[in-house]
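Asks: Structure file entry-v3.cif, mmCIF, C-alpha atoms, is pasted below:
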```cif
data_protein
loop_
_atom_site.group_PDB
_atom_site.id
_atom_site.type_symbol
_atom_site.label_atom_id
_atom_site.label_comp_id
_atom_site.auth_asym_id
_atom_site.auth_seq_id
_atom_site.Cartn_x
_atom_site.Cartn_y
_atom_site.Cartn_z
ATOM 1 C CA MET A 242 -44.357 11.350 1.708
ATOM 2 C CA ALA A 243 -43.796 7.653 2.483
ATOM 3 C CA THR A 244 -41.322 6.837 5.230
ATOM 4 C CA MET A 245 -38.286 4.936 3.969
ATOM 5 C CA LYS A 246 -37.850 1.579 5.630
ATOM 6 C CA LEU A 247 -34.300 1.016 6.821
ATOM 7 C CA GLY A 248 -32.579 -2.065 8.111
ATOM 8 C CA LYS A 249 -30.472 -2.330 11.254
ATOM 9 C CA LEU A 250 -26.781 -3.099 10.975
ATOM 10 C CA GLN A 251 -25.898 -6.014 13.244
ATOM 11 C CA GLU A 252 -22.496 -7.422 14.107
ATOM 12 C CA VAL A 253 -21.925 -11.124 13.489
ATOM 13 C CA ASP A 254 -19.695 -13.342 15.624
ATOM 14 C CA ILE A 255 -16.699 -13.959 13.365
ATOM 15 C CA ARG A 256 -16.284 -17.461 14.818
ATOM 16 C CA LYS A 257 -19.549 -18.348 13.071
ATOM 17 C CA LEU A 258 -17.929 -17.383 9.773
ATOM 18 C CA TRP A 259 -14.443 -18.799 10.387
ATOM 19 C CA SER A 260 -14.264 -21.446 13.076
ATOM 20 C CA HIS A 261 -10.549 -22.154 12.601
ATOM 21 C CA GLU A 262 -7.797 -19.559 12.134
ATOM 22 C CA GLN A 263 -5.565 -21.639 9.875
ATOM 23 C CA TYR A 264 -7.985 -23.712 7.825
ATOM 24 C CA ASP A 265 -10.797 -21.172 7.547
ATOM 25 C CA PHE A 266 -9.702 -17.568 8.072
ATOM 26 C CA SER A 267 -6.150 -17.797 6.708
ATOM 27 C CA GLU A 268 -7.448 -19.742 3.723
ATOM 28 C CA TRP A 269 -10.124 -17.088 3.098
ATOM 29 C CA LEU A 270 -7.686 -14.194 3.464
ATOM 30 C CA SER A 271 -5.173 -15.775 1.096
ATOM 31 C CA LYS A 272 -7.591 -15.332 -1.834
ATOM 32 C CA SER A 273 -6.741 -12.295 -3.974
ATOM 33 C CA GLU A 274 -10.201 -10.694 -3.708
ATOM 34 C CA ASN A 275 -10.021 -10.836 0.092
ATOM 35 C CA LEU A 276 -6.431 -9.619 0.207
ATOM 36 C CA GLU A 277 -7.715 -6.589 -1.676
ATOM 37 C CA LEU A 278 -9.965 -5.760 1.291
ATOM 38 C CA LEU A 279 -6.878 -5.726 3.487
ATOM 39 C CA ASN A 280 -4.960 -3.698 0.880
ATOM 40 C CA GLU A 281 -7.664 -1.037 0.909
ATOM 41 C CA ALA A 282 -7.662 -0.865 4.702
ATOM 42 C CA ILE A 283 -3.930 -0.288 5.153
ATOM 43 C CA GLY A 284 -2.564 0.800 1.766
ATOM 44 C CA LEU A 285 -0.671 -2.340 0.769
ATOM 45 C CA THR A 286 -0.486 -3.892 -2.691
ATOM 46 C CA LEU A 287 -0.386 -7.614 -1.931
ATOM 47 C CA SER A 288 -1.600 -9.810 -4.773
ATOM 48 C CA GLU A 289 -0.682 -13.203 -3.358
ATOM 49 C CA VAL A 290 0.672 -14.712 -0.142
ATOM 50 C CA GLU A 291 2.274 -17.940 0.991
ATOM 51 C CA LYS A 292 0.574 -19.819 3.828
ATOM 52 C CA GLU A 293 2.187 -21.396 6.896
ATOM 53 C CA VAL A 294 5.778 -20.278 6.422
ATOM 54 C CA TYR A 295 8.228 -21.816 8.892
ATOM 55 C CA VAL A 296 10.338 -19.581 11.120
ATOM 56 C CA GLY A 297 12.431 -21.992 13.150
ATOM 57 C CA ALA A 298 9.988 -24.303 14.930
ATOM 58 C CA TYR A 299 7.076 -21.900 14.428
ATOM 59 C CA ARG A 300 4.884 -21.065 11.440
ATOM 60 C CA CYS A 301 3.794 -17.618 10.329
ATOM 61 C CA ASP A 302 0.211 -17.617 9.005
ATOM 62 C CA LEU A 303 0.755 -15.627 5.796
ATOM 63 C CA VAL A 304 3.819 -14.123 4.108
ATOM 64 C CA GLY A 305 3.775 -11.961 0.993
ATOM 65 C CA THR A 306 5.512 -9.124 -0.822
ATOM 66 C CA ASP A 307 4.183 -5.630 -1.373
ATOM 67 C CA GLU A 308 4.304 -5.224 -5.151
ATOM 68 C CA THR A 309 5.084 -1.503 -5.201
ATOM 69 C CA THR A 310 7.850 -1.481 -2.581
ATOM 70 C CA GLY A 311 9.211 -5.020 -2.723
ATOM 71 C CA ASP A 312 8.924 -5.168 1.091
ATOM 72 C CA LYS A 313 8.230 -8.506 2.762
ATOM 73 C CA VAL A 314 4.922 -8.536 4.660
ATOM 74 C CA ILE A 315 3.913 -10.974 7.398
ATOM 75 C CA ILE A 316 0.334 -11.476 8.573
ATOM 76 C CA GLU A 317 -0.496 -13.184 11.852
ATOM 77 C CA ASN A 318 -4.152 -14.047 12.478
ATOM 78 C CA GLN A 319 -5.752 -14.436 15.888
ATOM 79 C CA LEU A 320 -9.528 -14.902 15.999
ATOM 80 C CA GLU A 321 -9.665 -14.109 19.707
ATOM 81 C CA ILE A 322 -8.631 -11.339 22.067
ATOM 82 C CA SER A 323 -5.009 -10.291 21.520
ATOM 83 C CA ASN A 324 -2.459 -11.877 23.863
ATOM 84 C CA HIS A 325 1.232 -11.682 24.749
ATOM 85 C CA ASP A 326 1.977 -14.976 23.011
ATOM 86 C CA HIS A 327 1.004 -13.591 19.599
ATOM 87 C CA LEU A 328 2.772 -10.292 20.278
ATOM 88 C CA GLY A 329 5.967 -12.282 20.805
ATOM 89 C CA LYS A 330 5.299 -14.307 17.664
ATOM 90 C CA ILE A 331 4.978 -11.297 15.354
ATOM 91 C CA ILE A 332 8.310 -9.931 16.591
ATOM 92 C CA THR A 333 9.940 -13.367 16.154
ATOM 93 C CA TYR A 334 8.507 -13.733 12.638
ATOM 94 C CA ALA A 335 9.500 -10.212 11.628
ATOM 95 C CA SER A 336 13.069 -10.881 12.756
ATOM 96 C CA GLY A 337 13.329 -14.345 11.260
ATOM 97 C CA LEU A 338 11.891 -13.354 7.880
ATOM 98 C CA ASP A 339 13.383 -9.841 7.762
ATOM 99 C CA ALA A 340 9.904 -8.393 7.217
ATOM 100 C CA LYS A 341 9.351 -4.670 6.812
ATOM 101 C CA VAL A 342 5.578 -4.748 7.358
ATOM 102 C CA VAL A 343 3.893 -6.645 10.205
ATOM 103 C CA VAL A 344 0.111 -7.118 10.245
ATOM 104 C CA TRP A 345 -1.534 -8.571 13.357
ATOM 105 C CA ILE A 346 -5.236 -9.335 12.863
ATOM 106 C CA VAL A 347 -7.318 -10.042 15.976
ATOM 107 C CA LYS A 348 -10.924 -10.382 17.051
ATOM 108 C CA GLU A 349 -10.414 -7.778 19.773
ATOM 109 C CA ALA A 350 -7.344 -5.733 20.695
ATOM 110 C CA ARG A 351 -6.468 -5.285 24.360
ATOM 111 C CA GLU A 352 -5.424 -1.800 25.387
ATOM 112 C CA GLU A 353 -1.946 -2.944 26.440
ATOM 113 C CA HIS A 354 -1.355 -4.426 22.978
ATOM 114 C CA ARG A 355 -2.565 -1.259 21.281
ATOM 115 C CA SER A 356 0.033 0.567 23.344
ATOM 116 C CA ALA A 357 2.711 -1.989 22.468
ATOM 117 C CA ILE A 358 2.134 -1.644 18.714
ATOM 118 C CA GLU A 359 2.040 2.140 19.016
ATOM 119 C CA TRP A 360 5.367 2.009 20.886
ATOM 120 C CA LEU A 361 6.921 -0.239 18.225
ATOM 121 C CA ASN A 362 5.842 2.142 15.466
ATOM 122 C CA ASN A 363 7.218 5.153 17.283
ATOM 123 C CA ASN A 364 10.528 3.595 18.324
ATOM 124 C CA THR A 365 11.660 1.474 15.393
ATOM 125 C CA PRO A 366 13.230 2.563 12.090
ATOM 126 C CA GLU A 367 11.054 4.266 9.493
ATOM 127 C CA LYS A 368 11.190 1.237 7.173
ATOM 128 C CA LEU A 369 9.439 -0.969 9.774
ATOM 129 C CA SER A 370 5.651 -0.737 9.977
ATOM 130 C CA PHE A 371 3.328 -2.468 12.458
ATOM 131 C CA PHE A 372 -0.435 -2.745 12.023
ATOM 132 C CA LEU A 373 -2.912 -3.963 14.628
ATOM 133 C CA ILE A 374 -6.273 -4.715 13.022
ATOM 134 C CA GLU A 375 -9.596 -6.006 14.314
ATOM 135 C CA ILE A 376 -11.661 -8.187 11.987
ATOM 136 C CA HIS A 377 -15.426 -7.691 12.271
ATOM 137 C CA ALA A 378 -18.421 -8.798 10.216
ATOM 138 C CA TYR A 379 -21.849 -7.217 9.784
ATOM 139 C CA GLN A 380 -25.186 -7.944 8.153
ATOM 140 C CA ILE A 381 -28.589 -6.316 7.724
ATOM 141 C CA GLY A 382 -31.487 -8.673 8.386
ATOM 142 C CA ASP A 383 -30.832 -11.898 6.481
ATOM 143 C CA SER A 384 -28.302 -10.367 4.116
ATOM 144 C CA LEU A 385 -24.901 -11.877 3.395
ATOM 145 C CA CYS A 386 -22.298 -11.136 6.023
ATOM 146 C CA ALA A 387 -19.825 -8.379 5.135
ATOM 147 C CA PRO A 388 -16.312 -8.560 6.644
ATOM 148 C CA LYS A 389 -14.582 -5.346 7.671
ATOM 149 C CA PHE A 390 -10.981 -4.707 8.691
ATOM 150 C CA GLU A 391 -10.868 -1.975 11.331
ATOM 151 C CA VAL A 392 -7.398 -0.501 11.858
ATOM 152 C CA VAL A 393 -6.633 -0.064 15.553
ATOM 153 C CA GLU A 394 -2.969 0.969 15.356
ATOM 154 C CA LYS A 395 -0.856 1.882 12.334
ATOM 155 C CA PRO A 396 2.470 3.587 11.615
ATOM 156 C CA ASN A 397 2.566 7.302 12.205
ATOM 157 C CA GLY A 398 4.635 8.523 9.279
ATOM 158 C CA PHE A 399 5.104 11.968 10.770
ATOM 159 C CA ILE A 400 6.609 10.582 13.993
ATOM 160 C CA LYS A 401 8.867 8.129 12.164
ATOM 161 C CA ASN A 402 10.030 10.706 9.662
ATOM 162 C CA ALA A 403 10.685 13.141 12.488
ATOM 163 C CA LYS A 404 12.782 10.571 14.343
ATOM 164 C CA THR A 405 14.759 9.853 11.187
ATOM 165 C CA GLN A 406 15.386 13.550 10.713
ATOM 166 C CA SER A 407 16.352 14.071 14.343
ATOM 167 C CA SER A 408 19.125 11.539 13.952
ATOM 168 C CA GLY A 409 20.447 13.545 11.020
ATOM 169 C CA SER A 410 19.921 17.224 10.287
ATOM 170 C CA GLY A 411 17.376 17.693 13.078
ATOM 171 C CA ASP A 412 14.370 19.079 11.225
ATOM 172 C CA TYR A 413 12.376 18.685 8.056
ATOM 173 C CA ASN A 414 13.828 20.745 5.267
ATOM 174 C CA LYS A 415 11.437 22.701 3.065
ATOM 175 C CA SER A 416 11.293 20.060 0.324
ATOM 176 C CA GLN A 417 10.407 17.284 2.769
ATOM 177 C CA GLY A 418 7.627 19.345 4.344
ATOM 178 C CA GLU A 419 6.272 20.293 0.929
ATOM 179 C CA ARG A 420 6.221 16.664 -0.198
ATOM 180 C CA ILE A 421 4.206 15.558 2.839
ATOM 181 C CA GLU A 422 1.774 18.405 2.220
ATOM 182 C CA PHE A 423 1.541 17.498 -1.477
ATOM 183 C CA TRP A 424 0.917 13.782 -0.950
ATOM 184 C CA THR A 425 -1.562 14.426 1.875
ATOM 185 C CA ARG A 426 -3.701 16.568 -0.451
ATOM 186 C CA PHE A 427 -3.135 14.089 -3.288
ATOM 187 C CA ASN A 428 -4.561 11.297 -1.113
ATOM 188 C CA GLU A 429 -7.612 13.414 -0.286
ATOM 189 C CA ILE A 430 -8.329 13.926 -3.988
ATOM 190 C CA LEU A 431 -7.713 10.231 -4.665
ATOM 191 C CA VAL A 432 -10.346 9.313 -2.064
ATOM 192 C CA GLU A 433 -12.770 11.922 -3.432
ATOM 193 C CA ARG A 434 -12.420 10.265 -6.824
ATOM 194 C CA GLY A 435 -13.345 6.851 -5.452
ATOM 195 C CA LYS A 436 -9.770 5.526 -5.130
ATOM 196 C CA PRO A 437 -9.008 4.426 -8.719
ATOM 197 C CA PHE A 438 -5.872 2.908 -7.169
ATOM 198 C CA ASN A 439 -4.789 2.193 -3.600
ATOM 199 C CA VAL A 440 -3.997 5.104 -1.311
ATOM 200 C CA ARG A 441 -0.406 5.118 -0.070
ATOM 201 C CA LYS A 442 0.867 6.730 3.108
ATOM 202 C CA ALA A 443 1.892 10.375 2.695
ATOM 203 C CA THR A 444 5.653 10.629 3.302
ATOM 204 C CA THR A 445 8.612 12.887 2.582
ATOM 205 C CA ASP A 446 9.525 10.715 -0.424
ATOM 206 C CA HIS A 447 9.515 12.318 -3.864
ATOM 207 C CA TRP A 448 7.776 9.251 -5.360
ATOM 208 C CA TYR A 449 4.386 7.525 -5.018
ATOM 209 C CA ASP A 450 4.184 3.971 -6.398
ATOM 210 C CA ILE A 451 1.141 2.221 -7.880
ATOM 211 C CA ALA A 452 0.947 -1.560 -8.371
ATOM 212 C CA ILE A 453 -0.229 -3.051 -11.662
ATOM 213 C CA GLY A 454 -0.165 -6.755 -10.777
ATOM 214 C CA THR A 455 3.469 -7.686 -11.388
ATOM 215 C CA SER A 456 6.606 -7.513 -9.262
ATOM 216 C CA ASP A 457 8.713 -6.607 -12.319
ATOM 217 C CA ALA A 458 7.291 -3.124 -12.764
ATOM 218 C CA HIS A 459 4.870 -0.508 -11.496
ATOM 219 C CA VAL A 460 3.588 2.969 -12.254
ATOM 220 C CA SER A 461 5.304 5.701 -10.267
ATOM 221 C CA LEU A 462 4.499 9.364 -9.691
ATOM 222 C CA THR A 463 7.486 11.613 -8.990
ATOM 223 C CA LEU A 464 7.899 15.199 -7.798
ATOM 224 C CA VAL A 465 10.753 17.117 -9.448
ATOM 225 C CA ASN A 466 10.365 20.605 -8.052
ATOM 226 C CA LYS A 467 13.754 21.904 -9.213
ATOM 227 C CA ASP A 468 12.703 21.306 -12.826
ATOM 228 C CA GLY A 469 9.077 22.315 -12.269
ATOM 229 C CA TYR A 470 7.306 19.098 -13.221
ATOM 230 C CA VAL A 471 5.704 15.928 -11.931
ATOM 231 C CA GLY A 472 6.495 12.653 -13.626
ATOM 232 C CA VAL A 473 4.199 9.769 -14.465
ATOM 233 C CA GLU A 474 6.346 6.788 -15.344
ATOM 234 C CA PHE A 475 6.262 3.075 -16.008
ATOM 235 C CA TYR A 476 9.144 1.930 -13.825
ATOM 236 C CA ILE A 477 10.864 -1.413 -14.509
ATOM 237 C CA ARG A 478 12.989 -2.565 -11.572
ATOM 238 C CA ASP A 479 15.522 -4.895 -13.150
ATOM 239 C CA ASN A 480 14.459 -6.343 -16.489
ATOM 240 C CA LYS A 481 16.068 -4.917 -19.633
ATOM 241 C CA ASP A 482 14.412 -7.647 -21.702
ATOM 242 C CA LEU A 483 11.008 -6.326 -20.659
ATOM 243 C CA PHE A 484 11.993 -2.780 -21.604
ATOM 244 C CA ASP A 485 13.248 -3.958 -24.995
ATOM 245 C CA LYS A 486 10.037 -5.896 -25.572
ATOM 246 C CA LEU A 487 7.978 -2.799 -24.825
ATOM 247 C CA TYR A 488 10.224 -0.545 -26.891
ATOM 248 C CA ALA A 489 9.727 -2.832 -29.884
ATOM 249 C CA GLN A 490 6.015 -1.958 -29.585
ATOM 250 C CA LYS A 491 6.658 1.723 -28.888
ATOM 251 C CA GLU A 492 4.430 3.089 -31.660
ATOM 252 C CA GLU A 493 1.480 0.915 -30.674
ATOM 253 C CA ILE A 494 1.847 1.765 -26.975
ATOM 254 C CA GLU A 495 2.106 5.506 -27.665
ATOM 255 C CA ASN A 496 -1.012 5.335 -29.827
ATOM 256 C CA ARG A 497 -2.877 3.716 -26.949
ATOM 257 C CA LEU A 498 -1.550 6.337 -24.526
ATOM 258 C CA GLY A 499 -2.163 9.262 -26.854
ATOM 259 C CA LEU A 500 1.167 10.552 -25.540
ATOM 260 C CA GLU A 501 4.836 10.564 -26.512
ATOM 261 C CA PRO A 502 6.729 9.729 -23.297
ATOM 262 C CA ASP A 503 10.484 9.629 -22.849
ATOM 263 C CA TRP A 504 11.790 6.043 -23.180
ATOM 264 C CA GLN A 505 14.837 5.604 -20.927
ATOM 265 C CA ARG A 506 16.617 2.239 -21.032
ATOM 266 C CA LEU A 507 19.213 3.557 -18.562
ATOM 267 C CA ASP A 508 22.115 1.384 -19.663
ATOM 268 C CA GLY A 509 24.506 0.818 -16.775
ATOM 269 C CA LYS A 510 21.647 0.808 -14.248
ATOM 270 C CA LYS A 511 19.329 -1.995 -13.204
ATOM 271 C CA SER A 512 16.156 0.016 -13.697
ATOM 272 C CA SER A 513 14.477 1.354 -16.838
ATOM 273 C CA ARG A 514 11.512 3.653 -17.285
ATOM 274 C CA VAL A 515 9.049 5.271 -19.641
ATOM 275 C CA LEU A 516 8.519 8.822 -18.395
ATOM 276 C CA TYR A 517 5.843 11.422 -19.129
ATOM 277 C CA ARG A 518 6.333 14.896 -17.669
ATOM 278 C CA ILE A 519 3.541 17.228 -16.545
ATOM 279 C CA SER A 520 4.799 20.770 -16.037
ATOM 280 C CA GLY A 521 3.544 23.138 -13.356
ATOM 281 C CA LEU A 522 4.971 21.932 -10.040
ATOM 282 C CA ASP A 523 6.083 24.772 -7.778
ATOM 283 C CA PHE A 524 6.431 24.233 -4.038
ATOM 284 C CA ASN A 525 6.076 28.011 -3.567
ATOM 285 C CA ASP A 526 2.714 28.182 -5.364
ATOM 286 C CA HIS A 527 -0.020 25.681 -4.543
ATOM 287 C CA SER A 528 -2.783 27.377 -6.520
ATOM 288 C CA ASN A 529 -2.784 24.742 -9.268
ATOM 289 C CA TYR A 530 -2.338 21.697 -7.030
ATOM 290 C CA ASP A 531 -5.852 20.288 -7.400
ATOM 291 C CA SER A 532 -5.824 20.424 -11.197
ATOM 292 C CA LEU A 533 -2.243 19.119 -11.307
ATOM 293 C CA MET A 534 -3.096 16.216 -9.018
ATOM 294 C CA ASN A 535 -6.203 15.327 -11.013
ATOM 295 C CA GLU A 536 -4.119 15.207 -14.187
ATOM 296 C CA MET A 537 -1.569 12.990 -12.404
ATOM 297 C CA ILE A 538 -4.325 10.578 -11.381
ATOM 298 C CA ASP A 539 -5.748 10.527 -14.918
ATOM 299 C CA LYS A 540 -2.354 9.775 -16.457
ATOM 300 C CA ALA A 541 -1.478 7.191 -13.787
ATOM 301 C CA VAL A 542 -4.698 5.271 -14.493
ATOM 302 C CA LEU A 543 -3.979 5.535 -18.230
ATOM 303 C CA PHE A 544 -0.414 4.220 -17.822
ATOM 304 C CA ALA A 545 -1.612 1.354 -15.597
ATOM 305 C CA ASN A 546 -4.372 0.326 -18.003
ATOM 306 C CA VAL A 547 -2.144 0.431 -21.076
ATOM 307 C CA PHE A 548 1.102 -1.068 -19.797
ATOM 308 C CA LYS A 549 -0.436 -3.956 -17.869
ATOM 309 C CA LYS A 550 -1.674 -5.282 -21.222
ATOM 310 C CA TYR A 551 1.967 -5.809 -22.247
ATOM 311 C CA VAL A 552 3.492 -7.386 -19.116
#
```
Can the structure from this file be put into structure tokens for me?
Replies:
Amino acid sequence: MATMKLGKLQEVDIRKLWSHEQYDFSEWLSKSENLELLNEAIGLTLSEVEKEVYVGAYRCDLVGTDETTGDKVIIENQLEISNHDHLGKIITYASGLDAKVVVWIVKEAREEHRSAIEWLNNNTPEKLSFFLIEIHAYQIGDSLCAPKFEVVEKPNGFIKNAKTQSSGSGDYNKSQGERIEFWTRFNEILVERGKPFNVRKATTDHWYDIAIGTSDAHVSLTLVNKDGYVGVEFYIRDNKDLFDKLYAQKEEIENRLGLEPDWQRLDGKKSSRVLYRISGLDFNDHSNYDSLMNEMIDKAVLFANVFKKYV
């Protein structure tokens, strides 16, 4: 049997790829296909960013909005070893821009800055998230260089949720614990299936949002244990005209879906939705979870593919 010839993975100096943070790396990262690499690494859904946004006399490298949450995201790039100056900048930018997600990308993270970001994640409100990421690049032989975002520090949802609970009732209630368990397993299945959409952090929330490329709407998965079902819905934040436009094409959309969802204009509220229910959710019986989650993923992909044709 012939021996397979294998190449050796070698790391490339990132300064040979991007010599200047602002004009080279920030410009590269601002492209949608490269933002997607960052999205995959940390579970965001950024589709576009604004470069060099002023905060007082300083300028933040990149500022964007997470499509599924509406949260403002700031990205500070540092193609060198992390330093105190940039640590101060990310806090200044987060405050000045009222950002909920802070991403600090460095060539190499010092231990003291890893500890600082870990401390910020563990001692700030649940809605604030800090990421410390190293950017590396690799090649095999004379192949093209492949960039890779390596997450050094990220929010610990369990710690933040626990702190939030300790300021209130003191402990997770059963529903909150069951939701974390559900979404944790859901994420495992999503990864096993090759991530047909971005993995989101497992939390105690009853919803799981999926971006479709517009800030007006997204696909959302919901857990409604008291009524024994999970929902797959096209959720419109605040655009009744969009709902009416879709409703006018209801028959065509339902034919594409092969389903008859519940169309809810929700007059008197900002939001609207098109909801499909999948029965079988029971927090006291997990025996059907894998099949239920697979059906949720199938329907979520279907909803995303169909509805994004109309928005």
Asks: From the options A:Asn414, A:Gln251, A:Ser461, A:Ser267, which residue's atoms come nearest to A:Thr309, counting only C-alpha atoms?
Replies: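 Of A:Asn414, A:Gln251, A:Ser461, A:Ser267, the one nearest A:Thr309, counting only C-alpha atoms, is A:Ser461.
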Asks: Got a sec to resolve the PyMOL selection byres ((chain A and resi 443) around 8) on this structure and send the residues as a ChimeraX atom specification?
Replies: /A:398,421,424-425,428,441-442,444-445
Asks: In terms of the shortest atom-to-atom distance over all atoms listed in the file, which of A:Leu258, A:Ala282, A:Leu320, A:Val344 is closest to A:Phe372?
Replies: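 Distance minimum relative to A:Phe372 lands on A:Val344.
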Asks: Report the residues retrieved by the PyMOL selection byres ((chain A and resi 325) around 12) from the displayed file, expressed as a compact mmCIF listing (two decimals) with C-alpha atoms, keeping the file's coordinate frame.
Replies:
```txt
# COMPACT_ATOMS: atom_id res chain seq x y z
CA GLN A 319 -5.75 -14.44 15.89
CA ILE A 322 -8.63 -11.34 22.07
CA SER A 323 -5.01 -10.29 21.52
CA ASN A 324 -2.46 -11.88 23.86
CA ASP A 326 1.98 -14.98 23.01
CA HIS A 327 1.00 -13.59 19.60
CA LEU A 328 2.77 -10.29 20.28
CA GLY A 329 5.97 -12.28 20.80
CA LYS A 330 5.30 -14.31 17.66
CA ILE A 331 4.98 -11.30 15.35
CA ILE A 332 8.31 -9.93 16.59
CA ALA A 350 -7.34 -5.73 20.70
CA ARG A 351 -6.47 -5.28 24.36
CA GLU A 352 -5.42 -1.80 25.39
CA GLU A 353 -1.95 -2.94 26.44
CA HIS A 354 -1.36 -4.43 22.98
CA ARG A 355 -2.56 -1.26 21.28
CA ALA A 357 2.71 -1.99 22.47
CA ILE A 358 2.13 -1.64 18.71
```
Asks: With all atoms listed in the file as the counted atoms, please give the residues lying no more than 10 Å from stretch 253-257 of chain A, apart from itself and same-chain residues fewer than 3 positions off, as a PyMOL selection string.
Replies: chain A and resi 250+260-262+265-266+320-321+348+376-380+386-388
Asks: Given all atoms listed in the file as the basis, pick out the residue of A:Gln505, A:Ser288, A:Gln417, A:Asn363 nearest to A:Thr306.
Replies: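 Counting all atoms listed in the file, the residue closest to A:Thr306 is A:Ser288.
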Asks: Would you mind telling me which residue in A:Glu281, A:Glu394, A:Asp485, A:Glu422 lies nearest to A:Ser370 when using all atoms listed in the file?
Replies: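 Smallest distance to A:Ser370 is found for A:Glu394.
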Asks: By how many Å are atom CA of A:Leu500 and atom CA of A:Ala545 apart?
Replies: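 Here the two named atoms are 13.8 Å from each other.
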